[in-house]
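Asker: Here you go, one structure.
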Amino acid sequence: MSAHRAPTGGRIDRSKTIAFTVDGKAYAGHPGDTLASALLANGVTLMGRSFKYHRPRGLLGAGDEEPNALFTVLGPGAVREPNIQATRIEIFDGLQVESQNRFPSLSFDVGAINRLAGKLFSAGFYYKTFFGPEWIKGTRVWHVFEWFIRRAAGLGSASAARDPARYERMNAFCDVLVVGAGKAGLAAARDAAEAGKRVILCDSEPPSPAATAEFAAHANVECLPRTTVWGHYDDMTFAAVERVADHLADPPAHLPRHRHWVIRTKEIVVATGAVERPLVFPGNDAPGVMLASAALRYAAEFAVRPGARIVVFANNDTAYAAAAGLAALGSTIAAIVDVRPNPPEAARALAARAGAELIVASAVVSTAGGKALSGVAIAEIGPDGAPGANRRTLSCDCLAMSGGWTPQIQLAAQQGAKPRWDERLHAFHAPDLPSGWSMAGSAAGDFDLDEGLSAYPAPVFEIKAKGKAFVDFQHDVTADDVRLAHCEGYVNVEHMKRYTTLGMATDQGRTANLAGLAIMAEARGLTPPEVGTTRSRPPLVPVSLGAITAERKDDLKPWRLTPMHDWHLENGATMYNAGLWSRPMIYGAPGETIEQAYVREAAAVRSGVGIVDVSTLGKIAVQGPDAPEFLDRVYTNLFSTLAVGKARYGLMLREDGIAYDDGTTWRLGDNDFLMTTTTANAGKVMQQLEYYLDCVWPDLRVILTSVTDEWAGAAVGGPKARDVLAACVSGAKVDDAHLPFMGIVKGEIAGAPVLICRLSFSGELAYEVYSGAGHAAHVWEALMAAGKPFAITPYGLEALGTLRIEKGHVTGAEIDGRTTARDLGLDWMLSKKKSFVGSAMMDREGLFHPDRLRLVGLVSLDDRAINGGSHVVDSLDGEKATQSLGHVTAACFSPALGRYIALALVKNGRERLGQRAFITDPLRGRAGPVEIVHPVFVDPEGKRMHG
Amino acid sequence: MRITCPHCGRRDVAEFTYQGDANRLRPDPASTDQAAWNAYVYDRVNTRGPHREFWQHSGGCRAHLAVERDTATHAILSVSYARDSDTARAGRRP
């Protein structure tokens with residue numbers, strides 16, 4: 001047992017020893033220890049270097065309020081998690097941490113030279129510095145300074161390695177959510193549980209034996225230890241983070257690291273306690289100066305003596321109780337220094353019990369020591385906090401201070417209402433709360449104190465002696481910084497916060513905000529409530545991004561696979577993720593490049609026959625007596641005139657006249673249509689159609705059903721396509737007379753019913769064969785078997801894209817939310833006989849401007865590939881090299897032409913056909929000459945598909 | 001925020017898709033009044049307080065709902081089927 005650890009007491013398990021390292025140095029502790037308590041028990045007082053001045057810092061607090069002792073937790077692997085409070089790290093065997101913001105080591109830190117340049121780093125430093133004097137503007141010299149400054153100031157650094165941890169998200173519902181498992185929280189949970197309510201009890205700390213024992217028998221109480229409720233959202237929804245596995249040396253695989261809780265409750269009891277405030281005086285940040293409550297907690301919970309000889313410095317009675325407690329646990333209390341001239345009798349009795357000299361109407365005015373405290377100087381003070389000239393020194397190795405108490409109201413304050421000032425507590429209470437909310441315990445200002453004692457402090461926040469007196473420890477903001485902000489006009493609290501960065505560190509200014517407000521109020525000649533407090537927003541503690549993202553990253557995202565998926569894999573397909581769908585990109589033969597494979601596949605379609613899986617197209621059954629009228633309203637062309645058993649290509653616009661989506665719609669019966677959409681827009685089109693039926697035309701008798709997953713499709717295309725169908729379709733004739741272009745027949749393939757529509761995306765004689773999804777793999781294999789004598793070639797997305805580029809057919813790359821039907825050469829689809837969605841706005845003047853980007857084709861003149869996304873320019877030299885005329889939307893090698901070609905959207909493109917231009921792609925270093933041509937490269941008359 | 005769907009009951013907002021301001025009326029389809037169409041497509045009043053809007057229960061029954069929501073507090077003041085709303089009624093054939 002070390003000299004700092006008492007032989008008995010506390011919640012630690014002395015029978016086991018835990019080994020951990022800090023900066024590679026080995027230390028030992030016990031189960032139940034935090035990193036903070038274990039280091040303190042090892043006699044370590046220096047635990048960090050401050051943000052700007054690199055001042056040595058030790059523990060100020062013992063919980064969420066800790067601003068100084070921040071470490072980087074290492075592992076697993078290359079993972080580094082910076083800025084974790086030592087008070088939040090539960091030690092385990094093999095724990096490795098690093099100290100931060102020091103070079104080369106924590107005890108010898110070169111950056112501490114910043115302390116000498118203190119004036120340079122005052123409030124608004126960044127704003128002032130980076131403006132710079134006039135002569136330096138336009139030079140890069142500030143970038144050089146910035147590099148040094150960013151290295152010098154800051155906290156830990158994260159790793160760029162991928163986080164291997166798993167995170168989880170959980171939804172929970174309850175009648176009463178109790179936040180905080182202290183005395184008040186336990187009482188609230190007990191009352192609710194006994195009333196038969198479903199209770200969730202969250203607490204930031206490890207499981208408390210009291211809560212565990214009490215609620216083990218209650219099925220209606222769920223205890224969530226290590227769980228911080230950090231955000232309030234509408235309708236009594238709360239966000240919490242549970243640190244599930246951070247404290248485990250070897251977490252079981254089924255446990256996530258953190259769990260994100262979304263808790264919906266009917267009532268909430270906020271029992272988050274109160275945080276003790278530091279007093280602001282020169283040297284108040286020295287290692288060894290800590291909050292009186294924290295000192296007592298280390299002694300009581302962890303059996304660690306925060307010091308052998310302690311001086312207590314206070315403006316209220318509660319520190320007397322802490323002094324008595326510390327004395328009972330084995331520390332010597334040298335003195336209690338109280339700013340008040342007349343502490344009450346009960347407090348004096350406690351001082352006597354602690355064996356402490358009581359020094360009233362006095363204050364600590366400086367501290368001595370470096371990495372550990374050696375003593376403090378005190379002086380008498382007047383009522384305004386100004387110290388007299390006479391100094392007296394007291395030797396001590398710990399100063400336990402108490403500047404009053406701040407109820408932890410952040411969660412309740414997130415509602416947005418203004419907190420209420422308490423003139424006696426000198427702190428803000430929660431705003432007036434709506435029904436369902438209550439505050440309990442010290443969070444409500446209700447302190448559990450012995451008779452005759454009070455938590456109300458004397459209104460002294462700052463001791464105005466000479467030297468750096470810190471308000472915000474983590475961001476190194478001093479009392480003078482706050483006054484400087486005032487002098488420079490940043491008098492609003494929100495401005496003061498942003499200018500000085502007070503309260504903006506990872507501790508959110510828990511210990512700092514009130515003193516900052518009080519100093520600003522004094523500077524402005526106002527009271528703190530007149531100055532007001534800053535707005536409280538979530539999250540109120542640091543939350544891992546992994547927890548918030550949780551499984552939404554990829555685990556639970558559905559995969560959409562077509563019925564032919566296994567066939568594709570078995571037949572050598574390289575799959576490609578298109579949205580949630582997995583689709584074959586190519587069916588590469590051994591040794592083939594991607595380009596060789598798709599060129600072979602596309603050429604096979606033009607010369608023989610190919611087959612492609614088109615099951616991913618969106619499919620919507622549009623049915624009902626008003627279905628023809630509905631389609632006339634949503635498509636630019638007429639569908640009411642379409643004969644039963646025929647299909648038609650349709651285009652939809654948005655209300656603003658811009659092209660939205662395209663596809664074919666098949667008339668299966670008078671009132672029965674099967675609409676297809678693009679793969680990408682299937683969901684959006686469905687939603688849009690539902691919107692029109694529900695909100696715009698509620699009298700139309702139409703039923704919409706998404707049947708994307710019910711139907712699977714195979715497109716069979718090429719000069720031999722008809723032969724393949726003739727060889728396998730029964731119950732229907734597929735010759736040109738019975739199945740003309742855009743005709744539909746019903747038949748069977750290998751015993752499975754199919755719906756066949758003769759339509760073409762490739763430009764060849766082609767058929768789409770639809771079958772029920774359950775039959776689709778069977779039908780596909782039958783088509784492959786029937787096609788074998790014709791050397792049927794399965795083709796993937798690359799060849800599909802090549803064939804459509806050659807035909808100038810548009811997809812989402814061209815229907816990009818900016819182009820009109822005219823831009824895409826689809827004017828012929830705009831009916832003049834009816835109005836439709838978009839018809840009123842598609843004729844706006846700007847949409848006819850000659851400079852609009854219009855669809856054209858490009859042919860590479862240097863026989864090199866054209867990159868998608870390249871810009872089209874008039875010249876590669878001079879100014880015109882950077883004046884874009886448009887961009888490439890899709891590109892490929894065309895087996896039909898034997899050239900590299902592309903589709904592009906080019907300014908006034910239709911007037912440029914036959915002209916020479918250049919493509920330029922500076923990012924990938926590709927530029928070269930192209931000819932602008934008509935976008936239909938192959939068979940412009942459509943003879944092949946009509947053949 | 002939760003919305004009580006008349007068909008499915010009280011559900012989390014994550015199940016719903018916002019489908020826009022429910023106050024705007026689509027001009028007569030045959031109208032070529034560009035000002036009216038411009039107002040319908042682009043103009044919105046950024047109301048503070050009660051606001052009528054459409055939400056689709058896209059993760060549930062897929063009905064569009066006419067919801068009155070206080071934009072300042074996110075309190076849901078009323079919910080009904082969009083088909084029965086004044087806005088939708090205006091689109092019915094005479």
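Ligands are numbered from 1 in the order shown, chains are lettered A, B, ... in the order of the structure tokens, and residues start at 1 in each chain.
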Please list as a PyMOL selection string every residue within 9 Å of Asp21 (chain B), counting only C-alpha atoms and excluding residues in the same chain fewer than 2 positions away.
Answerer: chain B and resi 18-19+23-24+44-45+51-54
Asker: Please run DSSP on the backbone and report, as an MDAnalysis selection string, all residues within chain B that come out as strand (DSSP E).
Answerer: chainID B and resid 2:5 9:12 17:21 50:56 64:70 76:81
Asker: Could you give me, as a ChimeraX atom specification, each residue of region 162-288 of chain A that DSSP assigns to alpha helix (DSSP H) when run on this structure's backbone?
Answerer: /A:183-194,209-215
Asker: Compile the residues of chain B that lie within 6 Å of chain A, evaluated using only C-alpha atoms, and express the compilation as a ChimeraX atom specification.
Answerer: /B:1,30,32,82-83,88,91-92
Asker: Could those residues be written to a file, using N, CA, C and O atoms, as a PDB file, in the first residue's frame?
Answerer:
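Output file part09.pdb follows:
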```pdb
ATOM      1  N   MET B   1     -39.638  14.032 -31.940  1.00  0.00           N
ATOM      2  CA  MET B   1     -40.954  14.428 -32.441  1.00  0.00           C
ATOM      3  C   MET B   1     -41.705  13.179 -32.902  1.00  0.00           C
ATOM      4  O   MET B   1     -41.138  12.322 -33.555  1.00  0.00           O
ATOM      5  N   ALA B  30     -54.614  24.068 -66.619  1.00  0.00           N
ATOM      6  CA  ALA B  30     -54.564  24.701 -67.939  1.00  0.00           C
ATOM      7  C   ALA B  30     -54.059  26.137 -67.847  1.00  0.00           C
ATOM      8  O   ALA B  30     -53.779  26.767 -68.869  1.00  0.00           O
ATOM      9  N   THR B  32     -51.873  29.387 -67.631  1.00  0.00           N
ATOM     10  CA  THR B  32     -50.519  29.738 -68.055  1.00  0.00           C
ATOM     11  C   THR B  32     -50.039  30.975 -67.292  1.00  0.00           C
ATOM     12  O   THR B  32     -49.069  31.621 -67.702  1.00  0.00           O
ATOM     13  N   ALA B  82     -54.463  13.644 -45.614  1.00  0.00           N
ATOM     14  CA  ALA B  82     -54.286  14.742 -46.559  1.00  0.00           C
ATOM     15  C   ALA B  82     -55.436  14.797 -47.560  1.00  0.00           C
ATOM     16  O   ALA B  82     -55.858  15.878 -47.981  1.00  0.00           O
ATOM     17  N   ARG B  83     -55.963  13.630 -47.911  1.00  0.00           N
ATOM     18  CA  ARG B  83     -57.052  13.587 -48.896  1.00  0.00           C
ATOM     19  C   ARG B  83     -58.256  14.416 -48.466  1.00  0.00           C
ATOM     20  O   ARG B  83     -59.014  14.890 -49.308  1.00  0.00           O
ATOM     21  N   ALA B  88     -56.266  19.539 -50.702  1.00  0.00           N
ATOM     22  CA  ALA B  88     -56.537  18.435 -51.615  1.00  0.00           C
ATOM     23  C   ALA B  88     -57.928  18.599 -52.240  1.00  0.00           C
ATOM     24  O   ALA B  88     -58.114  18.338 -53.424  1.00  0.00           O
ATOM     25  N   GLY B  91     -58.250  20.398 -55.436  1.00  0.00           N
ATOM     26  CA  GLY B  91     -57.793  19.762 -56.662  1.00  0.00           C
ATOM     27  C   GLY B  91     -58.847  18.858 -57.288  1.00  0.00           C
ATOM     28  O   GLY B  91     -58.628  18.309 -58.358  1.00  0.00           O
ATOM     29  N   ARG B  92     -59.984  18.700 -56.621  1.00  0.00           N
ATOM     30  CA  ARG B  92     -61.022  17.810 -57.166  1.00  0.00           C
ATOM     31  C   ARG B  92     -61.652  18.433 -58.413  1.00  0.00           C
ATOM     32  O   ARG B  92     -61.751  19.648 -58.538  1.00  0.00           O
TER      33      ARG B  92
END
```
Asker: Which of these, B:Ala36, B:Ala90, B:Leu65, B:Ala72, has the shortest distance to Ile3 (chain B) once you count only C-alpha atoms?
Answerer: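 With only C-alpha atoms as the atom set, the closest residue is B:Leu65.
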Asker: So what do you get for CA of Thr882 (chain A) versus CA of Leu923 (chain A), distance-wise?
Answerer: 13.1 Å
Asker: When you look at Glu595 (chain A) with a cut-off of 10 Å (counting only C-alpha atoms), what residues show up, excluding the ones that are within fewer than 4 positions of it in the same chain? I need them as a list in words.
Answerer: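 Those residues are Ile586, Gly588, Val599, Arg600, Glu601, Glu798, Ala799, Cys892 and Phe893 of chain A.
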Asker: Hey, can you spit out that residue selection with all heavy atoms as an mmCIF file, in the first residue's frame?
Answerer:
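Below is the file that was written, part27.cif:
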```
data_model
loop_
_atom_site.group_PDB
_atom_site.id
_atom_site.type_symbol
_atom_site.label_atom_id
_atom_site.label_comp_id
_atom_site.auth_asym_id
_atom_site.auth_seq_id
_atom_site.Cartn_x
_atom_site.Cartn_y
_atom_site.Cartn_z
ATOM 1 N N ILE A 586 -19.390 -6.611 -65.319
ATOM 2 C CA ILE A 586 -18.958 -7.363 -66.499
ATOM 3 C C ILE A 586 -18.963 -8.850 -66.117
ATOM 4 O O ILE A 586 -18.964 -9.188 -64.932
ATOM 5 C CB ILE A 586 -17.506 -7.003 -66.932
ATOM 6 C CG1 ILE A 586 -16.557 -7.115 -65.721
ATOM 7 C CG2 ILE A 586 -17.434 -5.634 -67.582
ATOM 8 C CD1 ILE A 586 -15.092 -7.151 -66.091
ATOM 9 N N GLY A 588 -16.318 -11.066 -66.860
ATOM 10 C CA GLY A 588 -14.989 -11.083 -67.476
ATOM 11 C C GLY A 588 -14.481 -12.495 -67.711
ATOM 12 O O GLY A 588 -14.634 -13.373 -66.858
ATOM 13 N N VAL A 599 -16.438 -4.492 -74.172
ATOM 14 C CA VAL A 599 -16.422 -4.356 -75.628
ATOM 15 C C VAL A 599 -16.862 -5.677 -76.268
ATOM 16 O O VAL A 599 -17.680 -5.707 -77.188
ATOM 17 C CB VAL A 599 -15.018 -3.927 -76.121
ATOM 18 C CG1 VAL A 599 -14.892 -4.106 -77.632
ATOM 19 C CG2 VAL A 599 -14.764 -2.468 -75.733
ATOM 20 N N ARG A 600 -16.360 -6.794 -75.744
ATOM 21 C CA ARG A 600 -16.768 -8.107 -76.249
ATOM 22 C C ARG A 600 -18.269 -8.319 -76.052
ATOM 23 O O ARG A 600 -18.984 -8.744 -76.955
ATOM 24 C CB ARG A 600 -15.983 -9.216 -75.521
ATOM 25 C CG ARG A 600 -16.478 -10.632 -75.806
ATOM 26 C CD ARG A 600 -15.706 -11.701 -75.040
ATOM 27 N NE ARG A 600 -15.619 -11.498 -73.595
ATOM 28 C CZ ARG A 600 -16.643 -11.705 -72.745
ATOM 29 N NH1 ARG A 600 -17.803 -12.134 -73.184
ATOM 30 N NH2 ARG A 600 -16.486 -11.502 -71.453
ATOM 31 N N GLU A 601 -18.770 -7.959 -74.843
ATOM 32 C CA GLU A 601 -20.193 -8.177 -74.536
ATOM 33 C C GLU A 601 -21.077 -7.306 -75.433
ATOM 34 O O GLU A 601 -22.068 -7.778 -76.011
ATOM 35 C CB GLU A 601 -20.467 -7.864 -73.058
ATOM 36 C CG GLU A 601 -19.839 -8.881 -72.101
ATOM 37 C CD GLU A 601 -19.919 -8.443 -70.629
ATOM 38 O OE1 GLU A 601 -20.623 -7.454 -70.329
ATOM 39 O OE2 GLU A 601 -19.269 -9.097 -69.786
ATOM 40 N N GLU A 798 -21.583 -2.280 -67.733
ATOM 41 C CA GLU A 798 -20.663 -1.548 -68.609
ATOM 42 C C GLU A 798 -21.104 -1.657 -70.067
ATOM 43 O O GLU A 798 -21.139 -0.671 -70.800
ATOM 44 C CB GLU A 798 -19.237 -2.085 -68.447
ATOM 45 C CG GLU A 798 -18.582 -1.712 -67.126
ATOM 46 C CD GLU A 798 -18.287 -0.223 -67.014
ATOM 47 O OE1 GLU A 798 -18.001 0.412 -68.043
ATOM 48 O OE2 GLU A 798 -18.359 0.312 -65.891
ATOM 49 N N ALA A 799 -21.452 -2.884 -70.481
ATOM 50 C CA ALA A 799 -21.899 -3.056 -71.864
ATOM 51 C C ALA A 799 -23.253 -2.387 -72.069
ATOM 52 O O ALA A 799 -23.511 -1.766 -73.110
ATOM 53 C CB ALA A 799 -21.976 -4.545 -72.200
ATOM 54 N N CYS A 892 -17.248 5.830 -73.329
ATOM 55 C CA CYS A 892 -16.915 4.415 -73.489
ATOM 56 C C CYS A 892 -16.091 4.241 -74.765
ATOM 57 O O CYS A 892 -15.917 5.173 -75.545
ATOM 58 C CB CYS A 892 -18.190 3.573 -73.596
ATOM 59 S SG CYS A 892 -19.131 3.898 -75.099
ATOM 60 N N PHE A 893 -15.618 3.010 -74.973
ATOM 61 C CA PHE A 893 -15.113 2.649 -76.287
ATOM 62 C C PHE A 893 -16.277 2.016 -77.042
ATOM 63 O O PHE A 893 -16.917 1.098 -76.534
ATOM 64 C CB PHE A 893 -13.946 1.652 -76.194
ATOM 65 C CG PHE A 893 -13.416 1.260 -77.549
ATOM 66 C CD1 PHE A 893 -12.553 2.103 -78.233
ATOM 67 C CD2 PHE A 893 -13.829 0.083 -78.169
ATOM 68 C CE1 PHE A 893 -12.081 1.768 -79.494
ATOM 69 C CE2 PHE A 893 -13.367 -0.261 -79.435
ATOM 70 C CZ PHE A 893 -12.492 0.593 -80.101
#
```
